[in-house]
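Have a look at input37.cif; it's mmCIF, C-alpha atoms:
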data_start
loop_
_atom_site.label_atom_id
_atom_site.label_comp_id
_atom_site.auth_asym_id
_atom_site.auth_seq_id
_atom_site.Cartn_x
_atom_site.Cartn_y
_atom_site.Cartn_z
CA MET A 1 63.10 -81.76 82.46
CA THR A 2 62.58 -81.32 78.72
CA SER A 3 60.50 -83.76 76.73
CA ALA A 4 63.60 -85.10 74.94
CA ALA A 5 65.39 -86.05 78.14
CA PRO A 6 62.83 -88.56 79.43
CA TYR A 7 62.56 -90.08 75.97
CA GLU A 8 66.29 -90.73 75.92
CA ALA A 9 66.14 -92.07 79.45
CA LEU A 10 63.33 -94.43 78.40
CA VAL A 11 65.33 -95.73 75.46
CA ALA A 12 68.42 -96.10 77.65
CA SER A 13 66.37 -98.17 80.08
CA LEU A 14 65.13 -100.39 77.25
CA LYS A 15 68.66 -100.84 75.93
CA SER A 16 69.87 -101.75 79.38
CA LEU A 17 67.18 -104.44 79.66
CA ARG A 18 68.16 -105.87 76.27
CA GLU A 19 71.80 -106.01 77.27
CA SER A 20 71.22 -107.52 80.69
CA VAL A 21 68.82 -110.34 79.78
CA MET A 22 69.98 -112.91 77.27
CA GLY A 23 67.45 -113.42 74.49
CA VAL A 24 65.74 -110.01 74.67
CA ASN A 25 65.93 -108.56 71.16
CA GLU A 26 63.54 -105.65 70.91
CA THR A 27 61.33 -103.63 73.25
CA VAL A 28 58.52 -101.12 72.90
CA ILE A 29 56.80 -98.80 75.38
CA SER A 30 53.26 -97.83 74.59
CA THR A 31 50.32 -96.18 76.27
CA SER A 32 47.58 -98.55 77.39
CA ASP A 33 45.49 -97.42 74.43
CA GLY A 34 48.21 -98.42 72.00
CA LEU A 35 50.02 -95.20 71.14
CA LEU A 36 53.76 -95.59 70.77
CA VAL A 37 55.88 -93.87 73.42
CA ALA A 38 59.41 -95.17 72.83
CA ALA A 39 61.03 -98.16 71.18
CA ASP A 40 64.30 -100.04 70.96
CA THR A 41 63.58 -102.07 67.84
CA ALA A 42 65.46 -103.35 64.81
CA THR A 43 62.99 -105.13 62.58
CA ALA A 44 59.60 -104.94 64.33
CA GLN A 45 57.20 -102.11 63.44
CA PRO A 46 56.94 -100.30 66.78
CA GLU A 47 53.56 -98.65 66.06
CA SER A 48 51.95 -101.97 65.17
CA VAL A 49 53.52 -103.78 68.12
CA ALA A 50 52.34 -101.02 70.47
CA ALA A 51 48.76 -101.25 69.23
CA LEU A 52 48.62 -105.06 69.30
CA ALA A 53 50.24 -105.27 72.73
CA ALA A 54 47.74 -102.81 74.17
CA ALA A 55 44.92 -104.94 72.83
CA SER A 56 46.44 -108.14 74.22
CA LEU A 57 47.03 -106.57 77.63
CA GLY A 58 43.43 -105.37 77.70
CA LEU A 59 42.21 -108.85 76.78
CA GLY A 60 44.46 -110.40 79.40
CA ARG A 61 43.12 -108.08 82.09
CA ARG A 62 39.52 -108.76 81.19
CA THR A 63 40.16 -112.50 81.01
CA ALA A 64 41.90 -112.50 84.39
CA ALA A 65 39.00 -110.60 85.93
CA GLU A 66 36.46 -112.92 84.29
CA VAL A 67 37.99 -116.13 85.58
CA GLY A 68 38.79 -114.79 89.02
CA LEU A 69 42.39 -115.94 89.16
CA GLY A 70 43.65 -112.69 90.61
CA GLY A 71 45.23 -109.69 88.95
CA LEU A 72 47.06 -110.00 85.65
CA ARG A 73 50.82 -110.27 85.97
CA GLU A 74 51.89 -110.41 82.36
CA VAL A 75 50.75 -111.58 78.94
CA VAL A 76 53.15 -114.05 77.35
CA THR A 77 52.76 -115.11 73.73
CA ARG A 78 54.95 -118.11 73.09
CA CYS A 79 55.82 -118.63 69.43
CA ASN A 80 57.93 -121.30 67.75
CA GLY A 81 60.73 -118.78 67.32
CA GLY A 82 60.47 -116.81 70.53
CA TYR A 83 58.34 -114.89 73.00
CA VAL A 84 56.30 -111.71 73.17
CA VAL A 85 55.95 -110.56 76.78
CA VAL A 86 53.64 -107.65 77.64
CA LEU A 87 53.96 -106.07 81.07
CA ALA A 88 51.80 -103.29 82.48
CA VAL A 89 53.71 -100.15 83.46
CA GLY A 90 51.34 -98.57 85.96
CA ASP A 91 47.77 -98.04 84.78
CA HIS A 92 48.49 -96.04 81.68
CA ALA A 93 51.41 -97.66 79.89
CA LEU A 94 52.89 -101.01 78.98
CA LEU A 95 56.20 -102.59 78.05
CA VAL A 96 56.48 -105.11 75.20
CA ILE A 97 59.48 -107.43 75.11
CA LEU A 98 60.30 -109.43 71.97
CA ALA A 99 62.71 -112.27 72.67
CA ASP A 100 64.12 -115.30 70.88
CA GLU A 101 63.36 -118.85 71.98
CA GLY A 102 66.49 -118.99 74.10
CA LEU A 103 65.18 -116.22 76.37
CA ASP A 104 66.60 -116.33 79.89
CA LEU A 105 63.18 -116.35 81.57
CA ALA A 106 64.65 -116.39 85.08
CA GLY A 107 66.81 -113.39 84.18
CA LEU A 108 63.80 -111.55 82.76
CA GLN A 109 61.78 -112.20 85.90
CA ARG A 110 64.70 -110.89 87.93
CA GLU A 111 65.31 -107.75 85.89
CA SER A 112 61.88 -106.71 84.63
CA PRO A 113 60.32 -105.46 87.90
CA ALA A 114 63.11 -102.91 88.36
CA THR A 115 62.83 -101.87 84.71
CA VAL A 116 59.06 -101.46 85.00
CA ASP A 117 59.49 -99.38 88.18
CA HIS A 118 62.08 -97.21 86.51
CA LEU A 119 59.95 -96.71 83.40
CA GLN A 120 56.98 -95.81 85.55
CA SER A 121 58.94 -93.16 87.39
CA LEU A 122 60.24 -91.73 84.11
CA LEU A 123 56.76 -91.66 82.59
CA SER A 124 55.16 -90.03 85.61
CA ALA A 125 57.90 -87.39 85.63
CA ALA A 126 57.42 -86.58 81.95
CA MET B 1 75.05 -125.40 97.08
CA THR B 2 75.06 -129.13 96.94
CA ASP B 3 76.98 -131.49 94.80
CA GLY B 4 74.63 -134.34 95.49
CA THR B 5 77.47 -136.72 96.26
CA GLY B 6 78.13 -136.13 99.94
CA ARG B 7 81.85 -135.85 99.27
CA ARG B 8 84.05 -132.80 99.28
CA GLU B 9 82.40 -130.19 97.16
CA PRO B 10 83.87 -129.96 93.65
CA ARG B 11 85.66 -126.75 92.75
CA ASN B 12 84.10 -126.24 89.36
CA VAL B 13 81.63 -127.72 86.91
CA PRO B 14 84.11 -130.09 85.19
CA SER B 15 85.16 -131.60 88.52
CA LEU B 16 81.51 -131.83 89.55
CA LEU B 17 80.74 -133.71 86.34
CA ASN B 18 83.69 -136.02 86.90
CA ALA B 19 82.39 -136.81 90.39
CA LEU B 20 78.91 -137.43 89.02
CA ARG B 21 80.39 -139.68 86.36
CA GLN B 22 82.02 -141.78 89.06
CA ASP B 23 78.69 -141.99 90.85
CA GLY B 24 76.83 -142.86 87.66
CA PHE B 25 74.41 -139.99 88.33
CA THR B 26 71.24 -139.77 86.25
CA GLY B 27 69.34 -136.49 86.19
CA ALA B 28 69.91 -132.80 85.65
CA VAL B 29 72.63 -130.46 86.84
CA GLU B 30 71.35 -126.89 86.97
CA VAL B 31 74.17 -124.38 86.79
CA THR B 32 73.63 -120.78 87.89
CA GLY B 33 75.69 -117.76 86.90
CA GLY B 34 75.27 -115.64 83.81
CA ALA B 35 72.25 -116.97 82.01
CA GLY B 36 72.91 -120.39 83.55
CA GLY B 37 71.92 -123.67 81.98
CA THR B 38 71.17 -127.30 82.63
CA LEU B 39 73.22 -130.40 81.80
CA PHE B 40 71.35 -133.69 81.52
CA LEU B 41 73.16 -136.83 82.58
CA ARG B 42 72.52 -140.54 82.33
CA ASP B 43 74.93 -142.79 84.20
CA GLY B 44 77.19 -139.76 84.47
CA LEU B 45 77.37 -139.24 80.71
CA VAL B 46 76.19 -135.90 79.38
CA GLY B 47 73.39 -136.29 76.83
CA ALA B 48 72.08 -132.76 76.50
CA VAL B 49 72.78 -129.18 77.55
CA GLU B 50 70.01 -126.61 77.63
CA THR B 51 71.01 -122.99 78.11
CA PRO B 52 69.83 -119.54 77.03
CA ALA B 53 73.42 -118.98 75.89
CA ALA B 54 73.24 -121.35 72.91
CA PRO B 55 70.56 -122.72 70.55
CA SER B 56 69.06 -126.05 71.55
CA ALA B 57 68.64 -128.93 69.12
CA ARG B 58 65.06 -127.72 68.62
CA SER B 59 66.31 -124.25 67.62
CA LEU B 60 68.93 -125.72 65.28
CA LEU B 61 66.30 -127.83 63.53
CA LEU B 62 63.55 -125.21 63.36
CA LYS B 63 65.42 -121.95 62.76
CA SER B 64 67.60 -123.44 60.09
CA GLY B 65 64.47 -124.63 58.29
CA ARG B 66 65.54 -128.26 58.51
CA ILE B 67 62.15 -129.11 59.97
CA GLY B 68 59.13 -126.94 59.20
CA GLU B 69 56.91 -125.59 61.95
CA PRO B 70 53.77 -127.54 60.91
CA ASP B 71 55.79 -130.78 60.91
CA TRP B 72 57.26 -129.93 64.30
CA GLU B 73 53.84 -129.24 65.75
CA ALA B 74 52.51 -132.50 64.31
CA ALA B 75 55.37 -134.32 66.03
CA LEU B 76 54.53 -132.57 69.30
CA ALA B 77 50.90 -133.55 68.91
CA ALA B 78 51.97 -137.18 68.50
CA LEU B 79 53.87 -137.05 71.80
CA ALA B 80 50.92 -138.58 73.62
CA GLU B 81 51.33 -141.74 71.52
CA THR B 82 55.10 -141.98 71.30
CA GLY B 83 55.95 -140.44 74.66
CA ASP B 84 59.22 -139.22 73.24
CA LEU B 85 59.88 -136.29 70.91
CA ALA B 86 62.84 -137.95 69.20
CA ARG B 87 60.67 -140.95 68.37
CA SER B 88 57.92 -138.63 67.10
CA LEU B 89 60.34 -136.84 64.80
CA THR B 90 62.05 -139.94 63.44
CA GLY B 91 58.83 -141.93 63.28
CA ARG B 92 57.27 -139.33 61.01
CA GLY B 93 60.33 -139.37 58.78
CA LEU B 94 61.14 -135.71 59.50
CA VAL B 95 64.72 -136.51 60.36
CA SER B 96 66.75 -139.69 60.53
CA ALA B 97 67.84 -141.01 63.91
CA ALA B 98 71.48 -140.52 62.91
CA GLU B 99 70.99 -136.92 61.87
CA LEU B 100 69.00 -136.15 64.99
CA HIS B 101 71.78 -137.64 67.09
CA LEU B 102 74.28 -135.51 65.22
CA VAL B 103 72.32 -132.28 65.73
CA CYS B 104 71.76 -133.10 69.41
CA THR B 105 75.46 -133.81 69.89
CA ALA B 106 76.35 -130.55 68.17
CA ALA B 107 73.92 -128.65 70.40
CA LEU B 108 75.36 -130.40 73.45
CA TYR B 109 78.95 -129.39 72.71
CA ASP B 110 77.88 -125.89 71.73
CA GLY B 111 75.84 -125.44 74.90
CA ALA B 112 78.75 -126.61 77.06
CA PHE B 113 81.08 -124.21 75.26
CA ALA B 114 78.68 -121.25 75.60
CA MET B 115 78.10 -121.96 79.29
CA ALA B 116 81.84 -122.03 79.87
CA LEU B 117 82.03 -118.39 78.69
CA GLN B 118 79.90 -117.29 81.63
CA PRO B 119 80.80 -117.04 85.29
CA VAL B 120 79.48 -119.92 87.39
CA THR B 121 78.07 -119.02 90.78
CA GLY B 122 76.63 -122.37 91.82
CA TRP B 123 74.85 -125.55 90.85
CA ARG B 124 72.39 -128.06 92.11
CA THR B 125 71.36 -131.49 90.99
CA ASP B 126 67.80 -132.52 90.17
CA ALA B 127 67.19 -136.19 89.48
CA GLY B 128 63.71 -135.59 88.10
CA ARG B 129 64.23 -133.40 85.04
CA VAL B 130 64.63 -134.77 81.53
CA PRO B 131 65.66 -132.91 78.36
CA GLU B 132 63.44 -132.27 75.36
CA LEU B 133 65.95 -133.87 73.00
CA ALA B 134 69.22 -135.60 73.84
CA ALA B 135 72.08 -137.55 72.30
CA TRP B 136 72.13 -140.66 74.47
CA PRO B 137 74.18 -142.53 75.61
CA GLY B 138 75.97 -139.19 75.99
CA GLN B 139 79.49 -137.86 76.17
CA GLU B 140 82.17 -138.43 78.76
CA PRO B 141 82.52 -135.28 80.92
CA ALA B 142 86.29 -135.31 80.36
CA ARG B 143 85.73 -135.34 76.62
CA LEU B 144 83.34 -132.40 76.92
CA ALA B 145 85.83 -130.39 78.98
CA GLU B 146 88.61 -131.21 76.54
CA GLU B 147 86.59 -130.07 73.54
CA THR B 148 85.44 -126.90 75.29
CA ALA B 149 89.05 -126.03 76.10
CA LEU B 150 90.08 -126.72 72.51
CA ARG B 151 87.38 -124.40 71.19
CA GLN B 152 88.47 -121.64 73.52
CA ARG B 153 92.09 -122.11 72.50
CA THR B 154 91.14 -122.00 68.83
CA LEU B 155 89.23 -118.74 69.27
CA ARG B 156 91.96 -117.22 71.40
CA GLU B 157 94.26 -117.41 68.42
CA HIS B 158 92.06 -114.78 66.79
CA LEU B 159 90.58 -112.92 69.74
CA PRO B 160 92.20 -111.35 72.78
CA SER B 161 89.18 -112.16 74.96
CA VAL B 162 86.70 -114.74 73.79
CA ALA B 163 84.16 -114.03 76.54
CA GLU B 164 84.28 -110.30 75.87
CA PHE B 165 83.92 -110.77 72.12
CA ALA B 166 81.00 -113.14 72.66
CA ARG B 167 79.22 -110.58 74.86
CA ARG B 168 79.58 -107.60 72.55
CA PRO B 169 77.16 -106.77 69.72
CA VAL B 170 78.63 -107.46 66.30
CA PRO B 171 79.03 -104.23 64.29
CA PRO B 172 77.30 -104.13 60.92
CA VAL B 173 79.41 -104.49 57.81
CA SER B 174 80.29 -101.08 56.42
CA ALA B 175 79.48 -100.11 52.84
CA ALA B 176 83.16 -100.47 52.00
CA GLY B 177 83.30 -103.82 53.73
CA ARG B 178 80.44 -105.23 51.69
CA ALA B 179 82.57 -105.35 48.58
CA GLY B 180 85.00 -107.68 50.32
CA LEU B 181 82.27 -110.04 51.46
CA ASP B 182 82.26 -111.75 48.10
CA ARG B 183 85.63 -113.24 48.93
CA LEU B 184 84.24 -114.94 52.00
CA GLY B 185 82.28 -118.15 51.98
CA ALA B 186 78.51 -118.00 51.83
CA ARG B 187 78.22 -119.20 55.42
CA THR B 188 80.43 -116.45 56.83
CA ARG B 189 78.79 -113.87 54.61
CA THR B 190 75.36 -114.78 55.96
CA VAL B 191 76.56 -114.26 59.51
CA LEU B 192 78.15 -110.89 58.75
CA LEU B 193 75.14 -109.61 56.84
CA ARG B 194 72.84 -110.37 59.78
CA ALA B 195 75.01 -108.29 62.11
CA ASP B 196 73.26 -105.03 62.95
CA GLY B 197 75.22 -103.57 65.82
CA ARG B 198 72.63 -104.91 68.28
CA ARG B 199 72.95 -108.66 68.00
CA THR B 200 75.67 -110.46 69.90
CA PRO B 201 77.23 -113.59 68.38
CA ARG B 202 74.81 -115.58 70.53
CA ASP B 203 71.86 -113.65 69.09
CA LEU B 204 73.15 -114.27 65.55
CA ALA B 205 73.43 -117.97 66.31
CA PHE B 206 69.78 -118.04 67.42
CA ALA B 207 68.66 -115.95 64.45
CA LEU B 208 70.36 -118.29 62.00
CA GLY B 209 69.83 -121.60 63.76
CA ARG B 210 73.55 -122.25 64.04
CA GLY B 211 75.86 -123.00 66.92
CA VAL B 212 77.44 -120.17 68.91
CA TYR B 213 80.93 -121.58 68.41
CA PRO B 214 80.79 -121.76 64.60
CA VAL B 215 79.32 -118.25 64.50
CA LEU B 216 82.11 -116.97 66.74
CA LEU B 217 84.67 -118.77 64.64
CA ASP B 218 83.28 -117.31 61.42
CA LEU B 219 83.28 -113.81 62.91
CA ALA B 220 86.75 -114.20 64.36
CA ARG B 221 88.25 -115.59 61.17
CA ALA B 222 86.55 -113.09 58.88
CA ALA B 223 87.15 -109.95 60.81
CA PRO B 224 89.16 -109.98 64.02
CA GLY B 225 89.22 -106.19 64.11
CA GLY B 226 85.64 -105.60 63.03
CA ALA B 227 83.56 -106.42 60.03
CA GLY B 228 85.32 -103.83 57.87
CA ARG B 229 88.52 -105.76 58.07
CA ALA B 230 87.04 -108.46 55.93
CA ALA B 231 87.51 -106.19 52.94
CA GLU B 232 91.19 -105.73 53.65
CA GLN B 233 91.97 -109.41 53.67
CA PRO B 234 91.94 -110.81 50.17
CA VAL B 235 92.04 -114.33 51.52
CA PRO B 236 90.97 -115.28 55.03
CA ALA B 237 93.93 -116.58 56.99
CA PRO B 238 93.99 -120.37 56.88
CA LEU B 239 93.25 -121.50 60.37
CA LEU B 240 95.28 -124.66 60.32
CA THR B 241 98.44 -122.73 59.55
CA ALA B 242 97.75 -120.43 62.45
CA ARG B 243 97.32 -123.37 64.78
CA ALA B 244 100.38 -125.30 63.67
CA ALA B 245 102.47 -123.36 66.11
CA GLU B 246 105.82 -125.02 66.66
CA PRO B 247 107.31 -126.94 63.78
CA TYR B 248 106.63 -124.49 61.03
CA ALA B 249 109.23 -123.68 58.43
CA PRO B 250 109.81 -119.96 57.96
CA ALA B 251 108.87 -118.58 54.59
CA GLY B 252 111.66 -119.04 52.10
CA ALA B 253 113.38 -121.80 54.07
CA PRO B 254 114.90 -124.47 51.85
CA SER B 255 112.37 -127.20 51.56
CA GLY B 256 113.98 -129.59 49.11
CA ASP B 257 115.00 -132.08 51.76
CA ARG B 258 111.93 -131.58 53.90
CA PRO B 259 108.78 -133.56 53.46
CA LEU B 260 105.50 -131.70 53.59
CA PRO B 261 104.20 -131.13 57.11
CA ARG B 262 102.25 -134.12 58.29
CA ARG B 263 99.46 -134.32 60.76
CA VAL B 264 100.21 -136.44 63.77
CA PRO B 265 97.73 -137.76 66.31
CA GLY B 266 97.48 -135.27 69.15
CA GLY B 267 99.38 -132.76 67.05
CA SER B 268 98.31 -129.27 66.15
CA GLY B 269 94.63 -130.06 66.33
CA GLY B 270 94.93 -132.05 69.53
CA ARG B 271 91.91 -133.97 68.41
CA PRO B 272 92.04 -137.72 68.72
CA ARG B 273 89.81 -139.47 66.25
CA GLY B 274 86.94 -141.79 66.71
CA ARG B 275 85.63 -140.54 69.99
CA THR B 276 82.11 -139.88 68.95
CA GLN B 277 79.70 -142.41 67.69
CA ILE B 278 78.87 -140.59 64.52
CA PRO B 279 81.52 -139.00 62.35
CA ASN B 280 81.44 -135.22 62.73
CA ALA B 281 78.74 -135.51 65.34
CA GLY B 282 81.00 -133.83 67.83
CA PRO B 283 82.90 -130.70 67.18
CA PRO B 284 83.72 -129.79 63.65
CA ALA B 285 87.30 -129.53 62.60
CA PRO B 286 87.80 -125.77 62.56
CA VAL B 287 89.36 -125.89 59.10
CA SER B 288 86.54 -127.82 57.57
CA GLY B 289 84.34 -124.76 57.54
CA THR B 290 81.23 -126.67 58.40
CA GLY B 291 80.88 -125.54 61.98
CA THR B 292 78.81 -127.10 64.67
CA GLY B 293 75.11 -127.36 64.39
CA LEU B 294 74.52 -126.47 60.81
CA PRO B 295 71.67 -128.76 60.02
CA GLU B 296 71.20 -127.31 56.57
CA GLU B 297 74.68 -128.45 55.71
CA SER B 298 74.53 -131.78 57.39
CA ALA B 299 71.17 -132.53 55.89
CA PRO B 300 71.12 -135.34 53.38
#

Structure re-expressed in structure tokens:
Amino acid sequence: MTSAAPYEALVASLKSLRESVMGVNETVISTSDGLLVAADTATAQPESVAALAAASLGLGRRTAAEVGLGGLREVVTRCNGGYVVVLAVGDHALLVILADEGLDLAGLQRESPATVDHLQSLLSAA
Amino acid sequence: MTDGTGRREPRNVPSLLNALRQDGFTGAVEVTGGAGGTLFLRDGLVGAVETPAAPSARSLLLKSGRIGEPDWEAALAALAETGDLARSLTGRGLVSAAELHLVCTAALYDGAFAMALQPVTGWRTDAGRVPELAAWPGQEPARLAEETALRQRTLREHLPSVAEFARRPVPPVSAAGRAGLDRLGARTRTVLLRADGRRTPRDLAFALGRGVYPVLLDLARAAPGGAGRAAEQPVPAPLLTARAAEPYAPAGAPSGDRPLPRRVPGGSGGRPRGRTQIPNAGPPAPVSGTGTGLPEESAP
């Protein structure tokens, strides 16, 4: 597999998530240290989002470990105009989801595990 | 699946709501299918609809800029004292009770319309849930169904499939099409200029803080075949003419002995008057160009 093929597959997976869950507007995949891997964005700066999301996921993990409430599932930033959801993709990558305030949360919870699995398999194959 | 009434299970959401109206049900009806949504009832009257498919009253007020975020947060902080968000908002003078009722009613009708575009796979009742904001005493379910059907009929005059059009991303206006945008109203132009080939009409409604139905109507009227078509139409087709289906004189017909066409109750619009408590609180007349849930335009 060439390096271009998994990149396109990653973007296709992001696009599919956006189209299947109402409210999802933009998505970014990054390494856990904040380097951009792939993005399906319109207005957000993917490099900045990748770096900030990596930091927030790291903080979330440390906080979860500190308070002893079990492993981190996701980091959700709820804003007046929408949501930023950061999900770990394995140990070395993460998925950032930018959504409007009408986000179908139940739909996201239904769809995101399969997307994360798929992304993980694509990234490990790359 | 339960209808909460113990009687024969209703076939669809409108018949469920009619049954709940007869029972005087108070509580929430959670509908599944598509993105789903929740209808909030009091004595069987629908006071609010919350769904990912359409902006809530909160979105209409905040995204449109009608209420600023700091003011909104201050109202939320005062919830402990007032116990009710509507009272917090009106008590702080951020919005009048009448305008809030109007926006809530607009969001209610828009939510019902947007939910009707999705497949319904089931529902359940929950007597414990209450909405964030609502337009009590609420609307008759029959009235809601009637208005939803009217909106779908209106859009079908421009679109072959309303549900399909609503699902698809709106293509961006081409460079050639931009020249023609000047001929459209500012409201329609704003919608078209936010289209980026990614956002669906629902996404545009959320981005602008407008109702899904008025956004769909603007898109459908401006450019049934795509945004570029806006440039080809010097004047957008007048919607009322398109809807006055039967008794319409052909062009060039002698008109000397004919009076001008007159509106009749239940005529082309099929919209009896005086059904809502506040004028225009319900659905907008499609020709008026105001659309549902445009707080910036309904603001004093």

Per residue of chain B within 7 Å of chain A, what are the shortest atom pair and its distance in Å to one decimal, counting only C-alpha atoms, with rows by chain and residue number, as JSON lines?
{"residue": "B:Ala35", "atom": "CA", "partner": "A:Asp104", "partner_atom": "CA", "distance": 6.1}
{"residue": "B:Pro52", "atom": "CA", "partner": "A:Gly102", "partner_atom": "CA", "distance": 4.5}
{"residue": "B:Pro55", "atom": "CA", "partner": "A:Gly102", "partner_atom": "CA", "distance": 6.6}
{"residue": "B:Asp203", "atom": "CA", "partner": "A:Gly23", "partner_atom": "CA", "distance": 7.0}

Name the closest residue to A:Val86 among the candidates A:Leu57, A:Ala9, A:Ala64, A:Leu122; distances are taken between atoms, counting all atoms listed in the file.
->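 Smallest separation from A:Val86 among the options: A:Leu57.
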
Return as number ranges by chain the set of residues that the PyMOL selection byres ((chain B and resi 200) around 6) yields on the displayed structure.
-> B: 168-170, 199, 201-203

Residues near B:Cys104, cut-off 10 Å, all atoms listed in the file, skip fewer than 3 positions along chain, as a PyMOL selection string | chain B and resi 47-49+56-58+60-61+98-101+107-110+133-136+138+281-282+293

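A straight line drawn from atom CA of A:Leu14 to atom CA of A:Gly58 is 22.3 Å long.
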
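Computed from the coordinates, the atom CA of B:Ala205 to atom CA of B:Gly65 distance equals 13.7 Å.
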
Run the PyMOL selection byres ((chain A and resi 29) around 8) against the file shown and list the residues it catches, as a list of chain:residue names.
->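 With the PyMOL selection byres ((chain A and resi 29) around 8) on this model, the match is A:Thr27, A:Val28, A:Ser30, A:Thr31, A:Leu36, A:Val37, A:Ala38, A:Ala39, A:Ala50, A:Ala93, A:Leu94, A:Leu95, A:Val96.
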
Please write the residues from the selection above to a file, keeping C-alpha atoms, as a short mmCIF file (atom, residue, chain, number, x, y, z; two decimals), in the frame of the given file.
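again_20.cif written:
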data_model
loop_
_atom_site.label_atom_id
_atom_site.label_comp_id
_atom_site.auth_asym_id
_atom_site.auth_seq_id
_atom_site.Cartn_x
_atom_site.Cartn_y
_atom_site.Cartn_z
CA THR A 27 61.33 -103.63 73.25
CA VAL A 28 58.52 -101.12 72.90
CA SER A 30 53.26 -97.83 74.59
CA THR A 31 50.32 -96.18 76.27
CA LEU A 36 53.76 -95.59 70.77
CA VAL A 37 55.88 -93.87 73.42
CA ALA A 38 59.41 -95.17 72.83
CA ALA A 39 61.03 -98.16 71.18
CA ALA A 50 52.34 -101.02 70.47
CA ALA A 93 51.41 -97.66 79.89
CA LEU A 94 52.89 -101.01 78.98
CA LEU A 95 56.20 -102.59 78.05
CA VAL A 96 56.48 -105.11 75.20
#

Looking at A:Ala44, A:Val85, A:Val67, A:Ala125, which one is nearest to A:Gln109, with distances taken over only C-alpha atoms?
->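 Closest to A:Gln109, using only C-alpha atoms: A:Val85.
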
Computed gap from atom CA of A:Asp40 to atom CA of B:Leu159 is 29.3 Å

Top pick for closest residue to B:Thr51, considering B:Leu16, B:Leu217, B:Ala207, B:Val212 and counting all atoms listed in the file | B:Val212

Find the residues near stretch 22-25 of chain B: any atom within 8 Å, counting all atoms listed in the file, skip ones fewer than 3 places away on the same chain, and give them as a list of chain:residue names.
->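 Listed by chain and then number, they are B:Thr5, B:Asn18, B:Ala19, B:Leu41, B:Arg42, B:Asp43, B:Gly44, B:Leu45.
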
Within 12 Å of A:Ser124, counting all atoms listed in the file, which residues show up once you throw out same-chain ones fewer than 4 positions away? Write them as a PyMOL selection string, please.
-> chain A and resi 1+6+10+89-93+117-120

Write a file of the selected residues as a tab-separated table (two decimals), keeping the file's coordinate frame, keeping C-alpha atoms.
chain	number	residue	atom	x	y	z
A	1	MET	CA	63.10	-81.76	82.46
A	6	PRO	CA	62.83	-88.56	79.43
A	10	LEU	CA	63.33	-94.43	78.40
A	89	VAL	CA	53.71	-100.15	83.46
A	90	GLY	CA	51.34	-98.57	85.96
A	91	ASP	CA	47.77	-98.04	84.78
A	92	HIS	CA	48.49	-96.04	81.68
A	93	ALA	CA	51.41	-97.66	79.89
A	117	ASP	CA	59.49	-99.38	88.18
A	118	HIS	CA	62.08	-97.21	86.51
A	119	LEU	CA	59.95	-96.71	83.40
A	120	GLN	CA	56.98	-95.81	85.55

With 5 Å added on each side, what axis-aligned box encloses every listed atom of stretch 122-125 of chain B? Give the centre and edge lengths in Å to one decimal, as AutoDock Vina command-line options.
--center_x 74.0 --center_y -126.9 --center_z 91.5 --size_x 15.3 --size_y 19.1 --size_z 11.3
